[in-house]
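Everything below concerns the one structure shown next.
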Amino acid sequence: MSLRIYNTLSRELEVFSPLRPGEVRMYVCGMTVYDYCHLGHARSMIAFDVVQRWLKASGYRVNYVRNITDVDDKIIKRAVENGESIRSLTDRMIDALHEDADALGIERPTHEPRATEYVPQMLSMIGTLEGKGLAYRSPNGDVNYAVRKFPGYGKLSGKSLDELHAGERVAVLDGKDDPLDPVLWKSAKESEPADVKWPSEFGPGRPGWHIECSAMACALLGETLDIHGGGADLQFPHHENEIAQSEGANGKPLARTWMHNGFINIDDEKMSKSLGNFFLIRDVLKSFDAETIRFFVLRAHYRSPLNYSDVHLQDARASLKRLYTALQRVPAASVAIDWSEPHAARFKAAMDEDFGTPEAVAVLFELAGAVNRAATNEEAAKLAGLLRALGGTLGILQDDPDAYLRAGATLDEATILAMIDQRAQAKAAKNFAEADRIRKELQDKGIVLKDSATGTTWAAAQ
């Protein structure tokens with residue numbers, strides 16, 4: 001079965017076929033680094049981390065670019081409030097971004113360009129657009145893109161210009177021919193710090209947000225990408241404007257496939273900083289381990305909305321423990337994935353259908369059941385090895401099972417082992433009431449015992 005991806009542009013599932021055989025060029029819009037990342041950012045990073053992992057598992061070489069917006073109105077405002085330079089703030093927030101992403105097992109992209117490093121490329125593209133009559137200078141010194149001169153404007157959102165205008169709350173023109181015209185170059189304001197003022201033929205200023213991604217994507221991946229991705233909230237106006245700018249300048253499709261991940265919701269409302277209903281990744285990590293957060297995201301399809309709550313994370317933790325419990329039975333054998341093996345084949349079929357992680361995770365539970373039912377340790381070890389290998393394509397199940405299952409225990413290991421020994425002695429003396437009391441005491445303190453023919457093992461309960 002060939003990989004099929006839902007293309008936001010065509011609104012259809014399409015067989016994926018990169019421009020260059022065996023190579024995928026993927027651009028994903030990254031963070032604006034004025035504050036710490038929240039779980040909504042985590043969802044996008046995890047979604048496209050899984051995409052690039054599966055593409056690699058499918059035999060593709062992946063050139064993955066995830067940009068960083070390090071000049072923006074919000075960044076300038078926060079830096080001024082903090083009394084620090086733009087660079088000091090953005091460096092600090094980029095370090096924090098890496099800490100959060102690394103904790104969640106998100107692999108670093110091939111390239112992580114900062115917008116401020118590509119201002120010359122942005123100015124070149126703006127000059128090209130002006131030369132083609134697609135950009136114009138406003139009396140206030142800004143340079144704007146003329147959306148009405150680009151015939152395809154609205155094709156990603158599926159709306160006409162008139163429909164898009166109907167959604168405008170206020171028509172603040174600021175010298176624009178049309179309120180929808182995005183700013184390509186913002187003229188410098190006297191009140192702004194000196195480190196956000198670049199010299200240009202248009203006068204001193206800084207790039208608009210949309211032109212940043214157009215220029216960086218083209219500079220690093222070429223004029224046409226295989227995949228362009230980001231959160232659903234970027235579909236309009238950011239990605240719509242990227243298409244108009246890039247295709248207007250280059251005369252070629254910006255991307256063959258457009259992918260957009262769904263939101264994380266709080267009480268059915270999108271999690272975002274602007275709404276004030278967000279949870280920072282680093283704060284959630286104080287209560288839940290990183291793999292649980294990743295598994296929580298993986299259990300939903302990347303395009304579906306995902307409702308956040310502690311209860312949902314607790315359920316994800318308990319489910320993940322079931323998989324690790326299967327891996328705890330025997331040391332997993334080191335195996336290369338045989339995609340013709342029934343479990344692996346079903347897993348692949350799920351992932352090849354628009355990265356269907358919920359169905360793929362269901363296969364992992366089937367495989368865990370097979371591990372537990374295996375007649376011999378050798379068979380169990382092979383199945384456990386496959387479980388671990390398939391989990392690795394999603395970025396999970398790579399921890400030591402004993403270490404993972406014991407994490408969060410409220411008693412130290414020596415005390416737990418001593419109580420297990422006391423329980424064994426009570427059972428040997430046929431004092432079953434005492435043995436049950438010890439088991440319950442351990443359970444009340446978050447420790448679950450599992451008896452088998454070879455002895456008793458323990459794990460921390462959720």
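We name chains A, B, ... following the order of the structure tokens; residues begin at 1 in each chain, and ligands are numbered from 1 as shown.
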
Exercise for the section: Excluding Pro151 in chain A and residues on its chain fewer than 2 positions from it, collect all residues at most 12 Å away from it, counting only C-alpha atoms, and give them as a ChimeraX atom specification. Expected result: /A:134,146-149,153-155,160-161,243-245,247-248

Output N, CA and C atoms of each residue in that selection to a file, as a PDB file, in the first residue's frame.
ATOM      1  N   LEU A 134       3.218  43.040  -8.114  1.00  0.00           N
ATOM      2  CA  LEU A 134       2.442  42.373  -7.056  1.00  0.00           C
ATOM      3  C   LEU A 134       2.658  43.006  -5.684  1.00  0.00           C
ATOM      4  N   ALA A 146      -0.217  42.935  -3.048  1.00  0.00           N
ATOM      5  CA  ALA A 146      -1.544  43.223  -3.619  1.00  0.00           C
ATOM      6  C   ALA A 146      -2.290  41.919  -3.882  1.00  0.00           C
ATOM      7  N   VAL A 147      -3.118  41.478  -2.949  1.00  0.00           N
ATOM      8  CA  VAL A 147      -3.760  40.169  -3.061  1.00  0.00           C
ATOM      9  C   VAL A 147      -4.691  40.087  -4.274  1.00  0.00           C
ATOM     10  N   ARG A 148      -5.300  41.185  -4.669  1.00  0.00           N
ATOM     11  CA  ARG A 148      -6.248  41.147  -5.791  1.00  0.00           C
ATOM     12  C   ARG A 148      -5.539  40.955  -7.141  1.00  0.00           C
ATOM     13  N   LYS A 149      -4.223  41.091  -7.143  1.00  0.00           N
ATOM     14  CA  LYS A 149      -3.476  40.879  -8.384  1.00  0.00           C
ATOM     15  C   LYS A 149      -2.956  39.446  -8.504  1.00  0.00           C
ATOM     16  N   TYR A 153      -5.600  33.694  -5.084  1.00  0.00           N
ATOM     17  CA  TYR A 153      -5.712  33.983  -3.647  1.00  0.00           C
ATOM     18  C   TYR A 153      -6.999  33.406  -3.074  1.00  0.00           C
ATOM     19  N   GLY A 154      -6.863  32.659  -1.982  1.00  0.00           N
ATOM     20  CA  GLY A 154      -8.010  32.026  -1.330  1.00  0.00           C
ATOM     21  C   GLY A 154      -8.126  30.543  -1.627  1.00  0.00           C
ATOM     22  N   LYS A 155      -7.234  29.993  -2.478  1.00  0.00           N
ATOM     23  CA  LYS A 155      -7.401  28.589  -2.862  1.00  0.00           C
ATOM     24  C   LYS A 155      -7.116  27.612  -1.726  1.00  0.00           C
ATOM     25  N   SER A 160     -13.387  32.933  -1.393  1.00  0.00           N
ATOM     26  CA  SER A 160     -13.126  34.031  -2.318  1.00  0.00           C
ATOM     27  C   SER A 160     -12.713  35.261  -1.522  1.00  0.00           C
ATOM     28  N   LEU A 161     -12.191  36.258  -2.221  1.00  0.00           N
ATOM     29  CA  LEU A 161     -11.813  37.503  -1.556  1.00  0.00           C
ATOM     30  C   LEU A 161     -13.011  38.166  -0.881  1.00  0.00           C
ATOM     31  N   ILE A 243       1.579  31.300  -0.058  1.00  0.00           N
ATOM     32  CA  ILE A 243       1.324  30.832  -1.425  1.00  0.00           C
ATOM     33  C   ILE A 243       1.346  32.010  -2.394  1.00  0.00           C
ATOM     34  N   ALA A 244       0.626  33.080  -2.058  1.00  0.00           N
ATOM     35  CA  ALA A 244       0.548  34.242  -2.950  1.00  0.00           C
ATOM     36  C   ALA A 244       1.936  34.835  -3.188  1.00  0.00           C
ATOM     37  N   GLN A 245       2.724  34.981  -2.122  1.00  0.00           N
ATOM     38  CA  GLN A 245       4.057  35.580  -2.242  1.00  0.00           C
ATOM     39  C   GLN A 245       5.008  34.686  -3.036  1.00  0.00           C
ATOM     40  N   GLU A 247       4.436  31.913  -4.964  1.00  0.00           N
ATOM     41  CA  GLU A 247       4.032  31.601  -6.329  1.00  0.00           C
ATOM     42  C   GLU A 247       4.022  32.848  -7.201  1.00  0.00           C
ATOM     43  N   GLY A 248       3.732  33.989  -6.578  1.00  0.00           N
ATOM     44  CA  GLY A 248       3.801  35.239  -7.327  1.00  0.00           C
ATOM     45  C   GLY A 248       5.223  35.561  -7.747  1.00  0.00           C
TER      46      GLY A 248
END

Problem - range 400-405 of chain A surroundings by only C-alpha atoms, 7 Å radius, close-in-sequence under 5 positions cut, as a list in words - result: Lys321, Tyr324, Thr325, Leu327, Gln328, Ala459 and Ala460 of chain A

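Note that the spacing between CA of Ser17 in chain A and CA of Ser2 in chain A amounts to 9.3 Å.
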
Practice task
Tell me which protein, DNA and RNA residues are within 10 Å of Val284 in chain A, counting only C-alpha atoms, leaving out same-chain ones fewer than 2 positions away, and put them as number ranges by chain.
Solution key: A: 38-39, 279-282, 286-290, 293, 310, 313

Save the residues we just selected, N, CA and C atoms, as a JSON list (two decimals), in the first residue's frame?
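Result file out-v3.json:
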[["chain", "number", "residue", "atom", "x", "y", "z"],
["A", 38, "HIS", "N", 3.64, 26.12, 24.79],
["A", 38, "HIS", "CA", 2.54, 25.44, 25.47],
["A", 38, "HIS", "C", 2.21, 24.13, 24.76],
["A", 39, "LEU", "N", 1.21, 23.42, 25.27],
["A", 39, "LEU", "CA", 0.89, 22.09, 24.72],
["A", 39, "LEU", "C", 0.39, 22.16, 23.28],
["A", 279, "PHE", "N", -1.46, 25.74, 28.74],
["A", 279, "PHE", "CA", -0.62, 25.08, 29.73],
["A", 279, "PHE", "C", 0.77, 24.93, 29.14],
["A", 280, "LEU", "N", 1.76, 25.49, 29.81],
["A", 280, "LEU", "CA", 3.13, 25.40, 29.32],
["A", 280, "LEU", "C", 3.62, 23.95, 29.40],
["A", 281, "ILE", "N", 4.41, 23.56, 28.41],
["A", 281, "ILE", "CA", 4.96, 22.20, 28.40],
["A", 281, "ILE", "C", 5.73, 21.94, 29.68],
["A", 282, "ARG", "N", 6.57, 22.88, 30.07],
["A", 282, "ARG", "CA", 7.41, 22.65, 31.25],
["A", 282, "ARG", "C", 6.60, 22.54, 32.54],
["A", 286, "LYS", "N", 5.92, 18.80, 35.10],
["A", 286, "LYS", "CA", 6.10, 18.68, 36.55],
["A", 286, "LYS", "C", 5.16, 17.62, 37.13],
["A", 287, "SER", "N", 4.07, 17.32, 36.41],
["A", 287, "SER", "CA", 3.08, 16.36, 36.89],
["A", 287, "SER", "C", 3.06, 15.07, 36.09],
["A", 288, "PHE", "N", 3.48, 15.13, 34.82],
["A", 288, "PHE", "CA", 3.43, 13.95, 33.96],
["A", 288, "PHE", "C", 4.75, 13.80, 33.22],
["A", 289, "ASP", "N", 5.17, 12.55, 33.04],
["A", 289, "ASP", "CA", 6.41, 12.33, 32.32],
["A", 289, "ASP", "C", 6.22, 12.65, 30.84],
["A", 290, "ALA", "N", 7.34, 12.93, 30.17],
["A", 290, "ALA", "CA", 7.30, 13.40, 28.78],
["A", 290, "ALA", "C", 6.70, 12.36, 27.84],
["A", 293, "ILE", "N", 2.95, 12.49, 27.80],
["A", 293, "ILE", "CA", 2.43, 13.62, 27.02],
["A", 293, "ILE", "C", 2.47, 13.26, 25.53],
["A", 310, "ASP", "N", -6.28, 16.63, 32.91],
["A", 310, "ASP", "CA", -5.43, 15.73, 33.69],
["A", 310, "ASP", "C", -5.94, 14.30, 33.61],
["A", 313, "LEU", "N", -4.65, 12.69, 30.52],
["A", 313, "LEU", "CA", -3.23, 12.37, 30.65],
["A", 313, "LEU", "C", -3.01, 11.18, 31.58]]

Practice task
Name all residues at most 10 Å from Arg329 in chain A (count only C-alpha atoms; drop same-chain ones fewer than 6 positions away) and give them as a PyMOL selection string.
Solution key: chain A and resi 371-372+377+380-381+384+401-402+457

Output C-alpha atoms of each residue in that selection to a file, as a PDB file, in the first residue's frame.
ATOM      1  CA  VAL A 371       3.805 -10.906  24.073  1.00  0.00           C
ATOM      2  CA  ASN A 372       1.901 -11.767  27.248  1.00  0.00           C
ATOM      3  CA  ASN A 377      10.374 -16.708  26.391  1.00  0.00           C
ATOM      4  CA  ALA A 380       7.941 -13.404  23.735  1.00  0.00           C
ATOM      5  CA  ALA A 381      11.366 -11.787  23.237  1.00  0.00           C
ATOM      6  CA  ALA A 384       8.657  -7.675  22.430  1.00  0.00           C
ATOM      7  CA  PRO A 401      10.670  -1.026  31.162  1.00  0.00           C
ATOM      8  CA  ASP A 402      11.650  -1.464  34.807  1.00  0.00           C
ATOM      9  CA  THR A 457       7.588  -7.911  40.382  1.00  0.00           C
TER      10      THR A 457
END

Problem - Selection near Asp233 in chain A, 9 Å with only C-alpha atoms, sequence-local residues under 4 positions removed, as a ChimeraX atom specification - result: /A:237-238,260-263

Selected residues written out, C-alpha atoms, as a CSV table (one decimal), in the first residue's frame:
chain,number,residue,atom,x,y,z
A,237,PRO,CA,-3.9,34.1,6.5
A,238,HIS,CA,-0.3,32.9,7.0
A,260,HIS,CA,-2.4,21.0,9.0
A,261,ASN,CA,-2.6,19.5,12.5
A,262,GLY,CA,-5.7,20.1,14.7
A,263,PHE,CA,-5.9,22.1,17.9

Problem - One-decimal distance in Å that lies between CA of Glu359 in chain A and CA of Phe347 in chain A - result: 7.4 Å
